[in-house]
>>> print(open('target13.txt').read())   # compact mmCIF, C-alpha atoms and all ligand atoms
# COMPACT_ATOMS: atom_id res chain seq x y z
CA MET A 18 -51.26 20.55 -30.89
CA THR A 19 -48.81 22.89 -32.63
CA ILE A 20 -46.95 25.34 -30.40
CA LEU A 21 -44.94 28.08 -32.09
CA HIS A 22 -42.21 29.75 -30.01
CA VAL A 23 -41.00 33.23 -30.94
CA VAL A 24 -37.56 34.38 -29.80
CA GLY A 25 -35.21 37.11 -30.97
CA ALA A 26 -32.75 38.39 -28.38
CA ARG A 27 -30.09 36.82 -26.15
CA PRO A 28 -32.18 36.39 -22.98
CA ASN A 29 -35.02 34.81 -25.02
CA PHE A 30 -32.77 31.91 -26.08
CA ILE A 31 -31.96 31.07 -22.46
CA LYS A 32 -35.69 31.10 -21.59
CA VAL A 33 -36.94 29.04 -24.54
CA ALA A 34 -34.41 26.21 -24.16
CA PRO A 35 -35.98 24.45 -21.14
CA VAL A 36 -39.54 24.97 -22.40
CA VAL A 37 -38.72 23.28 -25.72
CA ARG A 38 -37.09 20.44 -23.80
CA ALA A 39 -40.07 20.01 -21.45
CA LEU A 40 -42.54 20.03 -24.33
CA LYS A 41 -40.48 17.41 -26.19
CA GLY A 42 -41.50 15.00 -23.46
CA LYS A 43 -45.16 15.52 -24.38
CA ASN A 44 -45.85 13.54 -27.52
CA VAL A 45 -49.06 15.45 -28.23
CA VAL A 46 -47.08 18.55 -29.12
CA ARG A 47 -45.47 19.60 -32.42
CA GLN A 48 -43.12 22.54 -31.93
CA LEU A 49 -42.03 25.28 -34.33
CA LEU A 50 -39.37 27.87 -33.53
CA VAL A 51 -39.29 31.33 -35.08
CA HIS A 52 -36.19 33.53 -34.61
CA THR A 53 -36.96 37.15 -35.40
CA GLY A 54 -33.30 38.00 -36.01
CA GLN A 55 -33.35 40.87 -33.49
CA HIS A 56 -29.96 39.62 -32.31
CA TYR A 57 -27.74 38.10 -34.97
CA ASP A 58 -24.03 38.17 -34.01
CA ILE A 59 -22.69 34.66 -33.45
CA ASN A 60 -21.91 35.43 -29.80
CA MET A 61 -25.36 36.99 -29.24
CA SER A 62 -27.35 34.23 -30.94
CA ASP A 63 -25.91 31.06 -32.57
CA ILE A 64 -23.67 30.19 -29.63
CA PHE A 65 -26.73 29.88 -27.35
CA PHE A 66 -28.47 27.51 -29.74
CA THR A 67 -25.37 25.32 -29.84
CA GLN A 68 -24.57 25.38 -26.12
CA LEU A 69 -28.15 25.00 -24.90
CA GLY A 70 -29.13 22.37 -27.46
CA ILE A 71 -31.96 24.49 -28.87
CA PRO A 72 -33.14 23.13 -32.24
CA SER A 73 -32.26 25.36 -35.21
CA PRO A 74 -35.05 27.84 -35.89
CA ASP A 75 -37.60 26.68 -38.47
CA ILE A 76 -37.78 30.27 -39.70
CA ASN A 77 -35.56 33.31 -39.26
CA LEU A 78 -37.27 36.63 -39.98
CA GLU A 79 -33.87 38.39 -40.18
CA VAL A 80 -35.14 41.77 -39.05
CA GLY A 81 -31.78 42.94 -37.62
CA SER A 82 -31.28 46.24 -35.81
CA SER A 83 -33.28 49.44 -36.26
CA SER A 84 -35.42 51.88 -34.29
CA HIS A 85 -38.09 50.48 -31.98
CA ALA A 86 -40.91 51.28 -34.39
CA VAL A 87 -39.17 49.88 -37.45
CA GLN A 88 -37.92 46.73 -35.72
CA THR A 89 -41.29 46.01 -34.09
CA ALA A 90 -43.19 46.70 -37.32
CA GLN A 91 -40.87 44.49 -39.37
CA ILE A 92 -41.32 41.59 -36.97
CA MET A 93 -45.10 42.09 -37.14
CA THR A 94 -45.18 42.26 -40.92
CA ARG A 95 -42.96 39.24 -41.39
CA ILE A 96 -44.52 37.00 -38.75
CA GLU A 97 -48.10 37.51 -39.90
CA SER A 98 -47.75 35.37 -43.03
CA ILE A 99 -45.88 32.71 -41.06
CA LEU A 100 -48.70 32.46 -38.54
CA LEU A 101 -51.32 32.39 -41.29
CA GLY A 102 -49.42 29.59 -43.04
CA LYS A 103 -48.45 27.46 -40.04
CA LYS A 104 -51.72 27.93 -38.12
CA PRO A 105 -50.30 27.13 -34.67
CA ASP A 106 -52.72 26.35 -31.84
CA ARG A 107 -50.71 28.57 -29.54
CA VAL A 108 -47.85 31.07 -29.73
CA LEU A 109 -45.39 31.30 -26.84
CA VAL A 110 -43.47 34.54 -26.31
CA TYR A 111 -40.68 35.16 -23.80
CA GLY A 112 -39.55 38.05 -21.61
CA ASP A 113 -39.88 41.69 -22.55
CA VAL A 114 -38.05 42.47 -25.78
CA ASN A 115 -39.44 43.97 -28.98
CA SER A 116 -39.80 40.49 -30.50
CA THR A 117 -42.08 39.54 -27.57
CA VAL A 118 -44.64 42.31 -27.97
CA ALA A 119 -44.57 42.23 -31.78
CA ALA A 120 -45.39 38.53 -31.95
CA ALA A 121 -48.02 38.81 -29.21
CA MET A 122 -49.80 41.62 -31.04
CA VAL A 123 -50.00 39.78 -34.37
CA SER A 124 -51.07 36.50 -32.78
CA ALA A 125 -53.81 38.14 -30.73
CA LYS A 126 -55.27 39.82 -33.81
CA LEU A 127 -55.24 36.50 -35.67
CA LEU A 128 -57.09 35.02 -32.66
CA ILE A 129 -54.23 32.64 -31.90
CA PRO A 130 -53.93 32.22 -28.10
CA VAL A 131 -50.70 33.66 -26.69
CA GLY A 132 -48.75 32.31 -23.74
CA HIS A 133 -46.32 34.73 -22.08
CA VAL A 134 -43.39 33.17 -20.27
CA GLU A 135 -42.05 35.57 -17.59
CA ALA A 136 -45.30 37.50 -17.26
CA GLY A 137 -46.20 40.08 -14.63
CA LEU A 138 -42.80 41.68 -13.99
CA ARG A 139 -42.97 45.45 -13.55
CA SER A 140 -40.35 48.11 -12.94
CA PHE A 141 -43.08 50.80 -12.88
CA ASP A 142 -40.74 52.84 -15.05
CA ARG A 143 -42.23 53.62 -18.44
CA THR A 144 -39.03 55.26 -19.66
CA MET A 145 -37.78 51.68 -20.03
CA PRO A 146 -38.78 50.27 -23.42
CA GLU A 147 -39.14 46.82 -21.85
CA GLU A 148 -41.82 48.09 -19.44
CA ILE A 149 -44.01 49.08 -22.40
CA ASN A 150 -43.44 45.64 -23.91
CA ARG A 151 -44.34 43.91 -20.63
CA LEU A 152 -47.55 45.87 -20.08
CA LEU A 153 -48.84 45.31 -23.61
CA THR A 154 -47.83 41.65 -23.88
CA ASP A 155 -49.59 40.81 -20.63
CA GLN A 156 -52.79 42.47 -21.80
CA LEU A 157 -52.69 40.41 -25.00
CA ALA A 158 -51.79 37.03 -23.51
CA ASP A 159 -54.28 34.29 -22.67
CA LEU A 160 -51.91 32.34 -20.46
CA LEU A 161 -49.52 34.21 -18.19
CA PHE A 162 -46.67 32.25 -16.63
CA THR A 163 -45.16 34.20 -13.73
CA PRO A 164 -41.75 33.62 -12.10
CA SER A 165 -42.63 35.03 -8.66
CA SER A 166 -45.73 36.07 -6.72
CA ASP A 167 -45.15 39.80 -7.26
CA GLY A 168 -45.93 39.06 -10.92
CA ASP A 169 -49.33 37.63 -9.96
CA GLU A 170 -50.08 40.67 -7.80
CA ASN A 171 -49.18 43.08 -10.61
CA LEU A 172 -51.38 41.25 -13.11
CA ILE A 173 -54.38 41.07 -10.78
CA ARG A 174 -54.04 44.80 -10.10
CA GLU A 175 -54.05 45.45 -13.85
CA GLY A 176 -57.31 43.53 -14.23
CA VAL A 177 -56.03 40.25 -15.65
CA THR A 178 -58.42 37.36 -14.92
CA PRO A 179 -56.89 35.17 -12.19
CA GLU A 180 -57.67 31.97 -14.17
CA LYS A 181 -55.18 33.04 -16.85
CA ILE A 182 -52.30 33.45 -14.37
CA HIS A 183 -50.01 30.56 -13.42
CA LEU A 184 -47.18 30.95 -10.92
CA VAL A 185 -44.68 28.46 -12.35
CA GLY A 186 -41.26 29.72 -11.25
CA ASN A 187 -38.30 30.94 -13.23
CA VAL A 188 -37.29 29.37 -16.55
CA MET A 189 -33.91 31.21 -16.50
CA ILE A 190 -33.14 29.17 -13.40
CA ASP A 191 -34.22 25.97 -15.19
CA THR A 192 -31.46 26.60 -17.71
CA LEU A 193 -28.98 27.67 -15.07
CA SER A 194 -29.46 24.63 -12.87
CA HIS A 195 -29.38 22.32 -15.90
CA MET A 196 -26.17 23.81 -17.33
CA LEU A 197 -24.27 24.64 -14.13
CA PRO A 198 -22.15 21.47 -13.94
CA GLU A 199 -21.03 21.91 -17.56
CA ALA A 200 -20.41 25.63 -17.01
CA GLU A 201 -18.22 24.92 -13.98
CA ARG A 202 -15.97 22.71 -16.10
CA LYS A 203 -15.07 25.83 -18.15
CA TRP A 204 -13.06 27.34 -15.29
CA PRO A 205 -9.56 25.95 -16.00
CA LEU A 206 -9.64 27.24 -19.58
CA LEU A 207 -11.26 30.55 -18.65
CA CYS A 208 -8.91 31.45 -15.86
CA ALA A 209 -5.93 30.69 -18.08
CA ARG A 210 -7.34 32.65 -21.02
CA LEU A 211 -8.39 35.70 -19.00
CA ASN A 212 -5.72 35.50 -16.33
CA ILE A 213 -8.17 35.66 -13.44
CA GLU A 214 -8.44 34.02 -10.03
CA LYS A 215 -11.50 32.75 -8.19
CA ASN A 216 -13.16 35.41 -6.04
CA ARG A 217 -10.63 37.99 -7.12
CA TYR A 218 -12.52 39.87 -9.83
CA ALA A 219 -15.66 41.89 -10.43
CA LEU A 220 -17.73 40.93 -13.47
CA VAL A 221 -19.52 43.79 -15.23
CA THR A 222 -22.26 43.99 -17.88
CA LEU A 223 -24.12 47.11 -19.02
CA HIS A 224 -26.54 47.62 -21.87
CA ARG A 225 -29.58 49.59 -20.67
CA PRO A 226 -30.15 52.68 -22.82
CA SER A 227 -30.44 54.76 -19.60
CA ASN A 228 -26.84 53.81 -18.74
CA VAL A 229 -25.08 53.59 -22.07
CA ASP A 230 -26.86 55.73 -24.66
CA GLU A 231 -25.83 59.11 -23.25
CA THR A 232 -22.10 59.81 -23.38
CA ALA A 233 -22.16 61.68 -20.05
CA MET A 234 -23.71 58.76 -18.14
CA LEU A 235 -21.59 56.12 -19.84
CA GLY A 236 -18.50 58.22 -19.15
CA LYS A 237 -19.45 58.53 -15.48
CA ILE A 238 -19.88 54.77 -15.13
CA MET A 239 -16.67 53.98 -17.02
CA SER A 240 -14.76 56.38 -14.82
CA ALA A 241 -16.17 54.71 -11.69
CA LEU A 242 -15.20 51.29 -13.07
CA LYS A 243 -11.67 52.54 -13.75
CA ASP A 244 -11.41 53.66 -10.12
CA LEU A 245 -12.78 50.30 -9.00
CA SER A 246 -10.14 48.47 -10.96
CA GLU A 247 -7.59 49.84 -8.48
CA LYS A 248 -9.35 47.79 -5.80
CA ILE A 249 -10.21 44.66 -7.75
CA HIS A 250 -9.67 43.24 -11.23
CA VAL A 251 -12.63 44.28 -13.41
CA ILE A 252 -13.72 42.13 -16.33
CA PHE A 253 -16.33 43.53 -18.69
CA PRO A 254 -17.84 41.52 -21.58
CA ILE A 255 -19.25 44.37 -23.66
CA HIS A 256 -22.75 44.17 -25.16
CA PRO A 257 -22.83 45.32 -28.81
CA ARG A 258 -25.09 48.30 -27.96
CA THR A 259 -22.50 49.49 -25.45
CA ARG A 260 -19.59 48.78 -27.80
CA THR A 261 -21.29 50.90 -30.48
CA ARG A 262 -21.94 53.74 -28.03
CA MET A 263 -18.35 53.68 -26.84
CA ALA A 264 -17.12 53.84 -30.41
CA THR A 265 -19.36 56.75 -31.38
CA SER A 266 -18.79 58.76 -28.20
CA CYS A 267 -15.43 60.34 -27.51
CA LEU A 268 -14.79 58.22 -24.44
CA ASN A 269 -11.21 57.37 -23.77
CA VAL A 270 -11.52 53.60 -23.43
CA SER A 271 -8.21 52.74 -24.98
CA GLU A 272 -6.11 49.58 -24.87
CA SER A 273 -4.32 50.94 -21.81
CA CYS A 274 -7.58 51.09 -19.84
CA PRO A 275 -7.21 48.97 -16.68
CA ILE A 276 -10.67 47.44 -17.18
CA GLN A 277 -10.44 44.11 -19.00
CA MET A 278 -12.92 44.60 -21.84
CA ILE A 279 -13.82 41.56 -23.91
CA ASP A 280 -16.49 40.58 -26.41
CA PRO A 281 -19.71 39.03 -25.09
CA VAL A 282 -19.06 35.42 -24.14
CA GLY A 283 -21.18 32.30 -24.57
CA TYR A 284 -23.60 31.13 -21.90
CA LEU A 285 -21.33 28.50 -20.32
CA ASP A 286 -18.41 30.90 -19.98
CA PHE A 287 -20.63 33.63 -18.60
CA ILE A 288 -22.21 31.42 -15.95
CA CYS A 289 -18.76 30.21 -14.95
CA LEU A 290 -17.54 33.81 -14.72
CA GLN A 291 -20.53 34.73 -12.51
CA LYS A 292 -20.10 31.71 -10.26
CA ASN A 293 -16.47 32.51 -9.50
CA ALA A 294 -16.76 36.32 -9.27
CA ARG A 295 -16.39 38.19 -6.00
CA LEU A 296 -19.19 40.44 -7.16
CA VAL A 297 -21.20 41.33 -10.24
CA ILE A 298 -22.08 44.84 -11.40
CA THR A 299 -24.87 44.90 -13.97
CA ASP A 300 -28.05 46.42 -15.36
CA SER A 301 -29.24 43.14 -16.88
CA GLY A 302 -32.53 41.60 -15.82
CA GLY A 303 -31.48 37.97 -16.12
CA ILE A 304 -28.16 38.47 -14.36
CA GLN A 305 -29.92 39.87 -11.25
CA GLU A 306 -31.73 36.51 -11.08
CA GLU A 307 -28.72 34.31 -11.84
CA THR A 308 -26.57 35.97 -9.17
CA THR A 309 -29.36 35.46 -6.62
CA PHE A 310 -29.49 31.78 -7.49
CA LEU A 311 -25.70 31.46 -7.37
CA GLY A 312 -25.43 33.44 -4.11
CA VAL A 313 -23.03 35.96 -5.68
CA PRO A 314 -23.36 39.63 -4.59
CA CYS A 315 -24.91 41.76 -7.34
CA LEU A 316 -24.90 45.55 -7.58
CA THR A 317 -27.50 46.76 -10.05
CA VAL A 318 -26.85 50.10 -11.72
CA ARG A 319 -30.52 51.02 -12.00
CA GLU A 320 -32.99 53.06 -9.95
CA ASN A 321 -35.59 50.27 -10.03
CA THR A 322 -36.01 46.63 -10.89
CA GLU A 323 -38.82 44.52 -12.30
CA ARG A 324 -37.32 41.65 -10.28
CA PRO A 325 -37.86 42.89 -6.69
CA VAL A 326 -37.54 39.40 -5.23
CA THR A 327 -33.82 39.48 -6.07
CA VAL A 328 -33.52 42.45 -3.68
CA SER A 329 -35.96 41.34 -0.96
CA MET A 330 -34.73 37.73 -0.84
CA GLY A 331 -31.64 37.52 -2.98
CA THR A 332 -28.17 38.99 -3.20
CA ASN A 333 -29.11 42.01 -5.31
CA THR A 334 -28.66 45.64 -4.23
CA LEU A 335 -29.88 48.57 -6.32
CA VAL A 336 -27.24 51.29 -6.40
CA GLY A 337 -29.02 53.44 -8.98
CA GLN A 338 -26.81 55.69 -11.06
CA ASP A 339 -25.01 56.89 -7.95
CA MET A 340 -21.34 56.02 -8.35
CA GLU A 341 -20.49 56.89 -4.77
CA ARG A 342 -23.03 54.35 -3.61
CA LEU A 343 -21.49 51.84 -6.02
CA HIS A 344 -18.07 52.40 -4.43
CA LEU A 345 -19.48 52.07 -0.91
CA GLU A 346 -21.26 48.81 -1.76
CA VAL A 347 -18.14 47.40 -3.43
CA ASP A 348 -16.12 48.29 -0.32
CA ARG A 349 -18.69 46.54 1.85
CA ILE A 350 -18.41 43.37 -0.25
CA LEU A 351 -14.62 43.47 -0.35
CA ALA A 352 -14.60 43.88 3.44
CA GLY A 353 -16.46 40.57 3.72
CA ARG A 354 -19.83 42.13 4.56
CA ALA A 355 -21.71 41.13 1.41
CA LYS A 356 -25.47 40.76 1.56
CA ARG A 357 -26.54 37.14 1.94
CA GLY A 358 -29.59 35.82 0.19
CA ALA A 359 -31.93 32.89 -0.30
CA ILE A 360 -33.35 31.28 -3.42
CA PRO A 361 -36.94 32.41 -4.12
CA PRO A 362 -39.76 29.84 -4.06
CA LEU A 363 -40.20 27.77 -7.24
CA TRP A 364 -36.79 28.73 -8.61
CA ASP A 365 -36.13 25.03 -8.53
CA GLY A 366 -35.31 24.10 -12.12
CA ARG A 367 -38.81 22.80 -12.86
CA ALA A 368 -40.72 25.87 -14.09
CA SER A 369 -40.73 24.61 -17.69
CA GLU A 370 -42.17 21.26 -16.67
CA ARG A 371 -45.02 23.14 -14.99
CA ILE A 372 -45.54 25.19 -18.15
CA ALA A 373 -45.60 22.05 -20.30
CA ASP A 374 -48.11 20.41 -17.95
CA ILE A 375 -50.42 23.43 -18.09
CA LEU A 376 -50.17 23.70 -21.88
CA THR A 377 -51.07 20.06 -22.39
CA ALA A 378 -53.63 19.74 -19.60
CA SER A 379 -56.75 20.47 -21.66
C1 LIG B 1 -32.45 44.18 -26.43
C2 LIG B 1 -33.74 44.33 -25.64
C3 LIG B 1 -33.43 44.38 -24.17
C4 LIG B 1 -32.61 43.20 -23.72
C5 LIG B 1 -31.37 43.07 -24.60
C6 LIG B 1 -30.67 41.79 -24.26
C7 LIG B 1 -35.60 45.57 -26.68
C8 LIG B 1 -36.32 46.86 -26.69
N1 LIG B 1 -34.42 45.57 -26.00
O1 LIG B 1 -31.68 45.34 -26.19
O2 LIG B 1 -34.65 44.38 -23.43
O3 LIG B 1 -32.25 43.36 -22.38
O4 LIG B 1 -31.77 43.02 -25.98
O5 LIG B 1 -29.35 41.76 -24.68
O6 LIG B 1 -36.05 44.62 -27.25
N2 LIG B 1 -26.32 44.75 -32.03
C9 LIG B 1 -25.31 44.11 -32.67
N3 LIG B 1 -25.41 42.77 -32.85
C10 LIG B 1 -26.46 42.04 -32.43
C11 LIG B 1 -27.50 42.70 -31.78
C12 LIG B 1 -27.42 44.06 -31.58
O7 LIG B 1 -24.33 44.73 -33.08
O8 LIG B 1 -26.48 40.79 -32.63
C13 LIG B 1 -26.19 46.21 -31.77
C14 LIG B 1 -26.77 47.10 -32.87
O9 LIG B 1 -25.96 48.22 -32.96
C15 LIG B 1 -28.12 47.49 -32.29
C16 LIG B 1 -27.84 47.55 -30.79
O10 LIG B 1 -26.89 46.53 -30.56
O11 LIG B 1 -28.58 48.71 -32.79
C17 LIG B 1 -29.06 47.33 -29.93
O12 LIG B 1 -29.73 46.10 -30.25
P1 LIG B 1 -31.31 45.93 -29.92
O13 LIG B 1 -31.72 44.54 -30.11
O14 LIG B 1 -32.09 47.00 -30.61
O15 LIG B 1 -31.39 46.30 -28.39
P2 LIG B 1 -30.53 45.76 -27.19
O16 LIG B 1 -29.86 46.92 -26.55
O17 LIG B 1 -29.72 44.60 -27.63
N1 LIG B 2 -24.95 36.41 -20.87
C1 LIG B 2 -24.08 35.65 -21.63
N2 LIG B 2 -22.91 36.24 -22.07
C2 LIG B 2 -22.59 37.54 -21.79
C3 LIG B 2 -23.49 38.30 -21.00
C4 LIG B 2 -24.66 37.70 -20.57
O1 LIG B 2 -24.34 34.48 -21.90
O2 LIG B 2 -21.52 38.01 -22.22
C5 LIG B 2 -26.22 35.80 -20.42
C6 LIG B 2 -26.49 35.86 -18.93
O3 LIG B 2 -25.90 34.77 -18.24
C7 LIG B 2 -28.00 35.82 -18.88
C8 LIG B 2 -28.41 36.54 -20.15
O4 LIG B 2 -27.28 36.53 -21.00
O5 LIG B 2 -28.44 34.47 -18.95
C9 LIG B 2 -28.87 37.94 -19.86
O6 LIG B 2 -29.09 38.60 -21.05
P1 LIG B 2 -29.01 40.17 -21.20
O7 LIG B 2 -28.28 40.76 -20.04
O8 LIG B 2 -28.52 40.45 -22.56
O9 LIG B 2 -30.55 40.60 -21.19
P2 LIG B 2 -31.60 40.94 -20.04
O10 LIG B 2 -31.68 39.78 -19.12
O11 LIG B 2 -31.16 42.21 -19.39
O12 LIG B 2 -32.87 41.19 -20.80
>>> encode(input="target13.txt", output="structure tokens")
Amino acid sequence: MTILHVVGARPNFIKVAPVVRALKGKNVVRQLLVHTGQHYDINMSDIFFTQLGIPSPDINLEVGSSSHAVQTAQIMTRIESILLGKKPDRVLVYGDVNSTVAAAMVSAKLLIPVGHVEAGLRSFDRTMPEEINRLLTDQLADLLFTPSSDGDENLIREGVTPEKIHLVGNVMIDTLSHMLPEAERKWPLLCARLNIEKNRYALVTLHRPSNVDETAMLGKIMSALKDLSEKIHVIFPIHPRTRTRMATSCLNVSESCPIQMIDPVGYLDFICLQKNARLVITDSGGIQEETTFLGVPCLTVRENTERPVTVSMGTNTLVGQDMERLHLEVDRILAGRAKRGAIPPLWDGRASERIADILTAS
């Protein structure tokens, strides 16, 4: 059986790593890895392959950055001939990025069965490009691997046949639990390099278009973060989308800014930074899950989340785009009244093994 994985953006690499490893244990499977090239900076791509031990891609489509339509179309055009040539028995796609939906669409039309890892998540917000990608990918997939039971409920409601749906747990957590001991060993170097102390800093990431694409909104958030940095050290590894928006807007984020702004860091460093943070402020999907697993308070700068279990069971709180609410929640955490959470069912480090078992069962 030949399984062809398609990945393209940072969170995809973290999701594919444990699935490739689990399938390696099944000697009936030959694996091929296609990188679409959606993300391409060393610290957004190569570093994850190295740190997570992902084999080098067999093919890189090198699509790079462009508008949604152009990027999606280029992935579709370039992957079609690869699929026709390699004739995989199944294509696996991950998460909710443009690479995910593009590969699913081409595979489905070539009648190659598609497996979607991280199926069923819904924010119910169609202004989010990822929500469009999730809805379409799940309609195209033959096997839908969900991380939590809300995913199953969403899919059933949308008319997906129950036999196609498999509640397997969270592959992000497979990688996190596998890499945590190594990540923790990064602390002595990190704290010296960044001059930080355990539990004495807030870690920030932002990259959602709704937060960073408009100068007014980005300015409002940056101003709130500046105010926060009077209460606690703020460290902010800046996503390239956000870096570009800061550069093209007239925001005053100069060297003298009290927020410690750094380039995106590798996976091990980032997990170590999350583990030792007093709190995390983010709009990332994966980071809402990782903080829940690590038991670190997370304030999500979004009005909704496709990962509701991180709020109902975990340490996540949605503050929306309300900066007063953000301040209040930070104060609550700093006063020692942080929300406590539990780890959701099946977030046990074995989701990929379940996926590999299902893929090789027939
Ligand atoms: C994409 C995903 C998003 C995911 C995020 C993870 C879609 C629609 N969006 O958003 O769901 O949460 O990845 O990080 O698929 N850039 C670089 N170097 C890179 C990559 C990007 O400089 O290696 C810059 C370019 O200016 C580019 C911008 O970032 O235009 C946005 O990149 P893109 O992949 O289009 O979207 P993301 O915001 O990264
Ligand atoms: N991450 C990282 N370095 C960083 C920021 C994030 O390794 O500087 C990791 C993080 O631990 C998580 C993943 O990237 O595993 C989340 O990706 P991102 O926020 O880009 O995408 P999303 O999950 O929102 O789609």
>>> closest_residue(input="target13.txt", among="A:Val110, A:Ile64, A:Met330, A:Leu335", to="ligand LIG 2 (chain B)", atoms="all atoms listed in the file")
A:Ile64
>>> residues_near_point(input="target13.txt", point="(-54.5, 33.5, -12.2)", cutoff="10 Å", atoms="all atoms listed in the file", output="list in words")
Leu160, Leu161, Phe162, Thr163, Asp169, Glu170, Leu172, Ile173, Val177, Thr178, Pro179, Glu180, Lys181, Ile182, His183 and Leu184 of chain A
>>> residues_near_ligand(input="target13.txt", ligand="ligand LIG 2 (chain B)", cutoff="10 Å", atoms="only C-alpha atoms and all ligand atoms", output="count of residues only")
55
>>> closest_residue(input="target13.txt", among="A:Asp230, A:Glu214, A:Glu341, A:Asp75", to="ligand LIG 1 (chain B)", atoms="all atoms listed in the file")
A:Asp230
>>> closest_residue(input="target13.txt", among="A:Ser246, A:Ser83, A:Thr317, A:Ser140", to="ligand LIG 1 (chain B)", atoms="only C-alpha atoms and all ligand atoms")
A:Ser83
>>> atom_distance(input="target13.txt", atom1="atom N1 of ligand LIG 1 (chain B)", atom2="atom CA of A:Arg47")
28.9 Å
>>> atom_distance(input="target13.txt", atom1="atom CA of A:Asp142", atom2="atom CA of A:Arg262")
22.9 Å
>>> residues_around(input="target13.txt", residues="A:Ile92", least_positions_apart="5", cutoff="10 Å", atoms="all atoms listed in the file", output="PDB file with C-alpha atoms, in the frame of the given file")
ATOM      1  CA  GLY A  25     -35.210  37.110 -30.970  1.00  0.00           C
ATOM      2  CA  HIS A  52     -36.190  33.530 -34.610  1.00  0.00           C
ATOM      3  CA  THR A  53     -36.960  37.150 -35.400  1.00  0.00           C
ATOM      4  CA  GLY A  54     -33.300  38.000 -36.010  1.00  0.00           C
ATOM      5  CA  GLN A  55     -33.350  40.870 -33.490  1.00  0.00           C
ATOM      6  CA  LEU A  78     -37.270  36.630 -39.980  1.00  0.00           C
ATOM      7  CA  GLU A  79     -33.870  38.390 -40.180  1.00  0.00           C
ATOM      8  CA  VAL A  80     -35.140  41.770 -39.050  1.00  0.00           C
ATOM      9  CA  GLY A  81     -31.780  42.940 -37.620  1.00  0.00           C
ATOM     10  CA  VAL A  87     -39.170  49.880 -37.450  1.00  0.00           C
ATOM     11  CA  GLU A  97     -48.100  37.510 -39.900  1.00  0.00           C
ATOM     12  CA  ASN A 115     -39.440  43.970 -28.980  1.00  0.00           C
ATOM     13  CA  SER A 116     -39.800  40.490 -30.500  1.00  0.00           C
ATOM     14  CA  THR A 117     -42.080  39.540 -27.570  1.00  0.00           C
ATOM     15  CA  VAL A 118     -44.640  42.310 -27.970  1.00  0.00           C
ATOM     16  CA  ALA A 119     -44.570  42.230 -31.780  1.00  0.00           C
ATOM     17  CA  ALA A 120     -45.390  38.530 -31.950  1.00  0.00           C
ATOM     18  CA  VAL A 123     -50.000  39.780 -34.370  1.00  0.00           C
TER      19      VAL A 123
END
>>> closest_residue(input="target13.txt", among="A:Ala264, A:Leu345, A:Val185, A:Cys274", to="ligand LIG 1 (chain B)", atoms="only C-alpha atoms and all ligand atoms")
A:Ala264
>>> residues_around(input="target13.txt", residues="stretch 366-378 of chain A", least_positions_apart="2", cutoff="10 Å", atoms="only C-alpha atoms", output="VMD selection string")
chain A and resid 18 20 32 to 46 107 132 134 160 to 164 183 to 195 363 to 364
>>> closest_residue(input="target13.txt", among="A:Ile59, A:Leu153, A:Ala121, A:Met93", to="ligand LIG 1 (chain B)", atoms="all atoms listed in the file")
A:Ile59
>>> atom_distance(input="target13.txt", atom1="atom CA of A:Pro275", atom2="atom CA of A:Ile213")
13.7 Å
>>> closest_residue(input="target13.txt", among="A:Ala86, A:Leu109, A:Ile71, A:Leu316", to="ligand LIG 1 (chain B)", atoms="only C-alpha atoms and all ligand atoms")
A:Ala86
>>> residues_around(input="target13.txt", residues="A:Val347", least_positions_apart="6", cutoff="10 Å", atoms="all atoms listed in the file", output="PyMOL selection string")
chain A and resi 219+245+248-249+295-298+314-316+341+354-355
>>> residues_around(input="target13.txt", residues="A:Thr144", least_positions_apart="3", cutoff="12 Å", atoms="only C-alpha atoms", output="list in words")
Ser140, Phe141, Glu147, Glu148, Ile149, Asn150, Arg225, Pro226, Ser227, Glu320 and Asn321 of chain A
>>> write_last_selection(input="target13.txt", atoms="C-alpha atoms", output="PDB file, in the coordinates of the input")
ATOM      1  CA  SER A 140     -40.350  48.110 -12.940  1.00  0.00           C
ATOM      2  CA  PHE A 141     -43.080  50.800 -12.880  1.00  0.00           C
ATOM      3  CA  GLU A 147     -39.140  46.820 -21.850  1.00  0.00           C
ATOM      4  CA  GLU A 148     -41.820  48.090 -19.440  1.00  0.00           C
ATOM      5  CA  ILE A 149     -44.010  49.080 -22.400  1.00  0.00           C
ATOM      6  CA  ASN A 150     -43.440  45.640 -23.910  1.00  0.00           C
ATOM      7  CA  ARG A 225     -29.580  49.590 -20.670  1.00  0.00           C
ATOM      8  CA  PRO A 226     -30.150  52.680 -22.820  1.00  0.00           C
ATOM      9  CA  SER A 227     -30.440  54.760 -19.600  1.00  0.00           C
ATOM     10  CA  GLU A 320     -32.990  53.060  -9.950  1.00  0.00           C
ATOM     11  CA  ASN A 321     -35.590  50.270 -10.030  1.00  0.00           C
TER      12      ASN A 321
END
>>> axis_aligned_box(input="target13.txt", around="stretch 349-354 of chain A", padding_each_side="3 Å", output="lines of an AutoDock Vina configuration file")
center_x = -17.2
center_y = 43.6
center_z = 2.1
size_x = 11.2
size_y = 12.0
size_z = 10.9
>>> residues_around(input="target13.txt", residues="A:Lys103", least_positions_apart="2", cutoff="9 Å", atoms="all atoms listed in the file", output="VMD selection string")
chain A and resid 19 21 49 98 to 101 105
>>> write_last_selection(input="target13.txt", atoms="C-alpha atoms", output="mmCIF file, in the coordinates of the input")
data_model
loop_
_atom_site.group_PDB
_atom_site.id
_atom_site.type_symbol
_atom_site.label_atom_id
_atom_site.label_comp_id
_atom_site.auth_asym_id
_atom_site.auth_seq_id
_atom_site.Cartn_x
_atom_site.Cartn_y
_atom_site.Cartn_z
ATOM 1 C CA THR A 19 -48.810 22.890 -32.630
ATOM 2 C CA LEU A 21 -44.940 28.080 -32.090
ATOM 3 C CA LEU A 49 -42.030 25.280 -34.330
ATOM 4 C CA SER A 98 -47.750 35.370 -43.030
ATOM 5 C CA ILE A 99 -45.880 32.710 -41.060
ATOM 6 C CA LEU A 100 -48.700 32.460 -38.540
ATOM 7 C CA LEU A 101 -51.320 32.390 -41.290
ATOM 8 C CA PRO A 105 -50.300 27.130 -34.670
#
